[in-house]
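Notes for the one structure printed next.
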Amino acid sequence: RSSDLTTRIWDPVTGDPVATRASADSVYCAALASAGDGRLLVATADGGNAARVWDAGTGGLLTQLTGHADTVESAAWATTRDGRLRLATGSTDGTARIWDPDTGEALTVLTTPGPVLTIAWVALDDGTLLLATTGSGGTAGIWDPGTGGLVTSITGPDWARSAAWASDAAGRLLVATGRADGTARVWDAATGE
């Protein structure tokens, strides 16, 4: 989060900012993606109920994504099998939404038991996308964004504030969650154990 009302893109070699975008409120999240035409896109959420997609090179607003009923806490990009970009957003309104960033259309709405604080995509070997959501009460979910169906429910103590995907040596799909109780846990994505 940034409370200086800006989103910045940094050069990782020099440590210098290469683009800065002003915001009307604190910036809750930012996520980068490369468009098919080579442009760098940044998605931001700045304390309101919407997310925005910007052209990182020009600073121009491309799309405003509205539909959440409360603060957008997280954003993450994915690419479909056929090369189309999708943006997922998570909100304290208890939903995650999958967007077409070109049209601003919400393609799928996932309803969770509580606030969605973090989201993370994974692409399986066959190109299928799955989305992990984490939130309050220790709940996390693994979703099929195409159908909107919950694939696996994960329950643990306290608030889950982060999520990341990996596979182990046996090829088992895993989700790691970071929690407000100071622990990180690794879960079997198929069983929720």
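We label chains A, B, ... in the order they appear in the structure tokens, count residues from 1 in each chain, and number ligands from 1 in the order shown.
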
Taking 2 positions as the minimum chain separation for residues in the same chain, which residues sit within 12 Å of Gly60 in chain A when counting only C-alpha atoms? Answer as a CSV table (one decimal) with C-alpha atoms, in the first residue's frame.
chain,number,residue,atom,x,y,z
A,19,ALA,CA,6.6,6.2,-14.3
A,20,THR,CA,4.5,7.8,-11.6
A,21,ARG,CA,0.7,8.0,-11.6
A,22,ALA,CA,-1.2,10.2,-9.1
A,39,ARG,CA,2.5,-2.2,-24.0
A,40,LEU,CA,3.0,-2.5,-20.2
A,41,LEU,CA,-0.3,-2.3,-18.3
A,42,VAL,CA,-0.7,-1.5,-14.7
A,43,ALA,CA,-3.8,-2.2,-12.7
A,52,ARG,CA,-8.2,1.0,-13.0
A,53,VAL,CA,-6.1,-0.2,-15.9
A,54,TRP,CA,-3.4,2.3,-17.1
A,55,ASP,CA,-0.9,2.4,-19.9
A,56,ALA,CA,2.3,2.4,-18.0
A,57,GLY,CA,4.2,4.2,-20.8
A,58,THR,CA,1.8,7.1,-21.3
A,62,LEU,CA,-7.5,2.7,-20.4
A,63,THR,CA,-10.4,1.2,-18.4
A,64,GLN,CA,-12.2,1.7,-15.1

Margin query: For Asp168 in chain A, find every residue with an atom within 10 Å (counting only C-alpha atoms), except residues of its own chain fewer than 5 positions away, and show them as a PyMOL selection string.
Written below: chain A and resi 173-174+188

For the selection just defined, write its residues with C-alpha atoms to a file, as a PDB file, in the first residue's frame.
ATOM      1  CA  LEU A 173      -0.159 -28.283  -6.777  1.00  0.00           C
ATOM      2  CA  LEU A 174       0.382 -26.271  -3.581  1.00  0.00           C
ATOM      3  CA  ASP A 188      -2.514 -29.203  -0.912  1.00  0.00           C
TER       4      ASP A 188
END

What are the closest atom pairs, with distances in Å to one decimal, for each residue of range 94-124 of chain A lying within 8 Å of range 130-154 of chain A, using only C-alpha atoms, rows by chain and rising residue number, as JSON lines?
{"residue": "A:Ala96", "atom": "CA", "partner": "A:Thr133", "partner_atom": "CA", "distance": 7.7}
{"residue": "A:Ile98", "atom": "CA", "partner": "A:Pro145", "partner_atom": "CA", "distance": 7.1}
{"residue": "A:Thr108", "atom": "CA", "partner": "A:Gly148", "partner_atom": "CA", "distance": 6.2}
{"residue": "A:Val109", "atom": "CA", "partner": "A:Gly148", "partner_atom": "CA", "distance": 6.8}
{"residue": "A:Leu110", "atom": "CA", "partner": "A:Gly148", "partner_atom": "CA", "distance": 5.8}
{"residue": "A:Thr112", "atom": "CA", "partner": "A:Gly141", "partner_atom": "CA", "distance": 8.0}
{"residue": "A:Pro113", "atom": "CA", "partner": "A:Thr139", "partner_atom": "CA", "distance": 7.7}
{"residue": "A:Gly114", "atom": "CA", "partner": "A:Ser136", "partner_atom": "CA", "distance": 5.9}
{"residue": "A:Pro115", "atom": "CA", "partner": "A:Gly135", "partner_atom": "CA", "distance": 5.3}
{"residue": "A:Val116", "atom": "CA", "partner": "A:Gly135", "partner_atom": "CA", "distance": 4.6}
{"residue": "A:Leu117", "atom": "CA", "partner": "A:Gly135", "partner_atom": "CA", "distance": 5.0}
{"residue": "A:Thr118", "atom": "CA", "partner": "A:Thr134", "partner_atom": "CA", "distance": 5.3}
{"residue": "A:Ile119", "atom": "CA", "partner": "A:Thr133", "partner_atom": "CA", "distance": 4.5}
{"residue": "A:Ala120", "atom": "CA", "partner": "A:Ala132", "partner_atom": "CA", "distance": 5.2}
{"residue": "A:Trp121", "atom": "CA", "partner": "A:Leu131", "partner_atom": "CA", "distance": 4.6}
{"residue": "A:Val122", "atom": "CA", "partner": "A:Leu130", "partner_atom": "CA", "distance": 5.4}
{"residue": "A:Ala123", "atom": "CA", "partner": "A:Leu130", "partner_atom": "CA", "distance": 6.6}
{"residue": "A:Leu124", "atom": "CA", "partner": "A:Leu130", "partner_atom": "CA", "distance": 7.8}

Output N, CA and C atoms of each residue in that selection to a file, as a PDB file, in the first residue's frame.
ATOM      1  N   ALA A  96     -14.657 -11.744  -5.445  1.00  0.00           N
ATOM      2  CA  ALA A  96     -13.551 -11.580  -6.391  1.00  0.00           C
ATOM      3  C   ALA A  96     -14.212 -11.514  -7.758  1.00  0.00           C
ATOM      4  N   ILE A  98     -13.562 -11.418 -12.076  1.00  0.00           N
ATOM      5  CA  ILE A  98     -12.681 -11.633 -13.218  1.00  0.00           C
ATOM      6  C   ILE A  98     -13.159 -10.686 -14.314  1.00  0.00           C
ATOM      7  N   THR A 108     -16.887 -12.911 -14.503  1.00  0.00           N
ATOM      8  CA  THR A 108     -17.259 -13.858 -13.456  1.00  0.00           C
ATOM      9  C   THR A 108     -17.216 -13.145 -12.115  1.00  0.00           C
ATOM     10  N   VAL A 109     -18.185 -13.433 -11.248  1.00  0.00           N
ATOM     11  CA  VAL A 109     -18.179 -12.929  -9.878  1.00  0.00           C
ATOM     12  C   VAL A 109     -18.148 -14.126  -8.945  1.00  0.00           C
ATOM     13  N   LEU A 110     -17.131 -14.181  -8.090  1.00  0.00           N
ATOM     14  CA  LEU A 110     -16.970 -15.258  -7.120  1.00  0.00           C
ATOM     15  C   LEU A 110     -17.368 -14.720  -5.753  1.00  0.00           C
ATOM     16  N   THR A 112     -17.479 -15.108  -1.756  1.00  0.00           N
ATOM     17  CA  THR A 112     -16.735 -15.789  -0.706  1.00  0.00           C
ATOM     18  C   THR A 112     -17.405 -15.554   0.645  1.00  0.00           C
ATOM     19  N   PRO A 113     -16.987 -16.290   1.698  1.00  0.00           N
ATOM     20  CA  PRO A 113     -17.609 -16.121   3.015  1.00  0.00           C
ATOM     21  C   PRO A 113     -17.261 -14.816   3.718  1.00  0.00           C
ATOM     22  N   GLY A 114     -16.264 -14.096   3.232  1.00  0.00           N
ATOM     23  CA  GLY A 114     -15.848 -12.856   3.891  1.00  0.00           C
ATOM     24  C   GLY A 114     -15.019 -12.017   2.953  1.00  0.00           C
ATOM     25  N   PRO A 115     -14.381 -10.968   3.471  1.00  0.00           N
ATOM     26  CA  PRO A 115     -13.566 -10.090   2.640  1.00  0.00           C
ATOM     27  C   PRO A 115     -12.483 -10.859   1.887  1.00  0.00           C
ATOM     28  N   VAL A 116     -12.216 -10.446   0.643  1.00  0.00           N
ATOM     29  CA  VAL A 116     -11.129 -11.018  -0.143  1.00  0.00           C
ATOM     30  C   VAL A 116      -9.959 -10.050  -0.060  1.00  0.00           C
ATOM     31  N   LEU A 117      -8.888 -10.491   0.589  1.00  0.00           N
ATOM     32  CA  LEU A 117      -7.744  -9.623   0.826  1.00  0.00           C
ATOM     33  C   LEU A 117      -6.644  -9.811  -0.204  1.00  0.00           C
ATOM     34  N   THR A 118      -6.484 -11.034  -0.708  1.00  0.00           N
ATOM     35  CA  THR A 118      -5.436 -11.329  -1.676  1.00  0.00           C
ATOM     36  C   THR A 118      -5.946 -12.352  -2.681  1.00  0.00           C
ATOM     37  N   ILE A 119      -5.451 -12.245  -3.892  1.00  0.00           N
ATOM     38  CA  ILE A 119      -5.767 -13.222  -4.933  1.00  0.00           C
ATOM     39  C   ILE A 119      -4.485 -13.597  -5.659  1.00  0.00           C
ATOM     40  N   ALA A 120      -4.441 -14.809  -6.208  1.00  0.00           N
ATOM     41  CA  ALA A 120      -3.267 -15.260  -6.961  1.00  0.00           C
ATOM     42  C   ALA A 120      -3.713 -16.267  -8.016  1.00  0.00           C
ATOM     43  N   TRP A 121      -3.216 -16.098  -9.227  1.00  0.00           N
ATOM     44  CA  TRP A 121      -3.521 -16.998 -10.346  1.00  0.00           C
ATOM     45  C   TRP A 121      -2.461 -18.090 -10.455  1.00  0.00           C
ATOM     46  N   VAL A 122      -2.847 -19.207 -11.058  1.00  0.00           N
ATOM     47  CA  VAL A 122      -1.901 -20.216 -11.520  1.00  0.00           C
ATOM     48  C   VAL A 122      -2.434 -20.762 -12.844  1.00  0.00           C
ATOM     49  N   ALA A 123      -1.515 -21.029 -13.768  1.00  0.00           N
ATOM     50  CA  ALA A 123      -1.863 -21.676 -15.036  1.00  0.00           C
ATOM     51  C   ALA A 123      -1.364 -23.108 -14.973  1.00  0.00           C
ATOM     52  N   LEU A 124      -2.259 -24.057 -15.167  1.00  0.00           N
ATOM     53  CA  LEU A 124      -1.889 -25.469 -15.174  1.00  0.00           C
ATOM     54  C   LEU A 124      -1.219 -25.824 -16.497  1.00  0.00           C
TER      55      LEU A 124
END

Check: If we count only C-alpha atoms, what is near Ala50 in chain A at a cut-off of 8 Å, once residues fewer than 4 positions away on the same chain are taken out, given as a PyMOL selection string?
Finding: chain A and resi 45-46+64-68+71-72

Output C-alpha atoms for every residue in that selection, as a tab-separated table (two decimals), in the first residue's frame.
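Output saved as out-v9.tsv:
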chain	number	residue	atom	x	y	z
A	45	ALA	CA	-6.99	0.11	-6.75
A	46	ASP	CA	-6.92	3.26	-4.67
A	64	GLN	CA	-12.16	1.74	-15.09
A	65	LEU	CA	-13.58	-1.45	-13.59
A	66	THR	CA	-16.64	-0.84	-11.43
A	67	GLY	CA	-18.97	-3.26	-9.69
A	68	HIS	CA	-17.47	-3.95	-6.29
A	71	THR	CA	-12.75	-1.40	-1.15
A	72	VAL	CA	-10.74	-3.29	-3.77

Next item on the list: State, in Å with one decimal place, the distance from CA of Ala189 in chain A to CA of Ala69 in chain A.
Entry: 28.9 Å

Note to self: So that I can see what lies close to Gly47 in chain A, please list as an MDAnalysis selection string the residues with an atom at most 8 Å from it, counting only C-alpha atoms and leaving out residues fewer than 5 positions away in the same chain.
What the structure shows: chainID A and resid 25:28 71:73

Check: What residues in range 92-193 of chain A get the DSSP label strand (DSSP E or B)? Please answer as a PyMOL selection string.
Finding: chain A and resi 95-100+105-111+116-123+129-135+139-144+149-155+160-167+173-179+184-188

For those residues, write C-alpha atoms to a file as a compact mmCIF listing (two decimals), in the first residue's frame.
# COMPACT_ATOMS: atom_id res chain seq x y z
CA THR A 95 -16.30 -11.02 -3.89
CA ALA A 96 -13.55 -11.58 -6.39
CA ARG A 97 -14.26 -10.52 -9.95
CA ILE A 98 -12.68 -11.63 -13.22
CA TRP A 99 -12.57 -8.80 -15.77
CA ASP A 100 -11.98 -8.33 -19.47
CA GLU A 105 -16.87 -6.22 -18.39
CA ALA A 106 -17.01 -8.42 -15.27
CA LEU A 107 -16.92 -11.93 -16.73
CA THR A 108 -17.26 -13.86 -13.46
CA VAL A 109 -18.18 -12.93 -9.88
CA LEU A 110 -16.97 -15.26 -7.12
CA THR A 111 -18.79 -14.92 -3.79
CA VAL A 116 -11.13 -11.02 -0.14
CA LEU A 117 -7.74 -9.62 0.83
CA THR A 118 -5.44 -11.33 -1.68
CA ILE A 119 -5.77 -13.22 -4.93
CA ALA A 120 -3.27 -15.26 -6.96
CA TRP A 121 -3.52 -17.00 -10.35
CA VAL A 122 -1.90 -20.22 -11.52
CA ALA A 123 -1.86 -21.68 -15.04
CA LEU A 129 -6.41 -21.10 -14.94
CA LEU A 130 -7.20 -21.38 -11.24
CA LEU A 131 -7.58 -18.49 -8.81
CA ALA A 132 -6.79 -18.56 -5.09
CA THR A 133 -8.54 -16.10 -2.78
CA THR A 134 -7.66 -15.42 0.85
CA GLY A 135 -9.57 -13.46 3.45
CA THR A 139 -10.71 -18.94 4.84
CA ALA A 140 -9.12 -19.37 1.46
CA GLY A 141 -10.61 -20.77 -1.70
CA ILE A 142 -9.42 -22.19 -4.99
CA TRP A 143 -11.76 -21.30 -7.83
CA ASP A 144 -12.37 -22.22 -11.44
CA GLY A 149 -17.17 -22.78 -9.05
CA LEU A 150 -15.26 -23.37 -5.82
CA VAL A 151 -12.76 -26.19 -6.43
CA THR A 152 -11.24 -26.43 -2.94
CA SER A 153 -11.98 -24.71 0.36
CA ILE A 154 -9.10 -24.10 2.77
CA THR A 155 -9.65 -23.19 6.42
CA ALA A 160 -4.95 -14.86 5.47
CA ARG A 161 -3.20 -11.83 3.95
CA SER A 162 -1.23 -13.36 1.06
CA ALA A 163 -1.17 -16.33 -1.31
CA ALA A 164 1.31 -17.90 -3.74
CA TRP A 165 1.31 -21.02 -5.94
CA ALA A 166 3.94 -23.73 -6.50
CA SER A 167 4.29 -27.42 -7.34
CA LEU A 173 -0.16 -28.28 -6.78
CA LEU A 174 0.38 -26.27 -3.58
CA VAL A 175 -0.84 -22.94 -2.24
CA ALA A 176 1.07 -21.01 0.41
CA THR A 177 -0.77 -18.51 2.59
CA GLY A 178 0.60 -15.87 4.93
CA ARG A 179 -1.51 -15.04 7.95
CA ALA A 184 2.85 -19.19 6.69
CA ARG A 185 1.16 -22.43 5.71
CA VAL A 186 1.46 -24.64 2.66
CA TRP A 187 -1.72 -26.39 1.51
CA ASP A 188 -2.51 -29.20 -0.91

Notebook entry, point to check: In Å, how far is it from CA of Cys29 in chain A to CA of Gly104 in chain A?
Noted result: 18.1 Å

Checklist line | Between CA of Gly36 in chain A and CA of Leu61 in chain A - distance in Å to one decimal | finding: 17.6 Å

Next item on the list: Rank A:Ala35, A:Ala190, A:Val13, A:Ala51 by their smallest atom-to-atom distance to Ala78 in chain A, using only C-alpha atoms, and report the top residue only.
Entry: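 Using only C-alpha atoms, the shortest distance to Ala78 in chain A belongs to A:Ala35.
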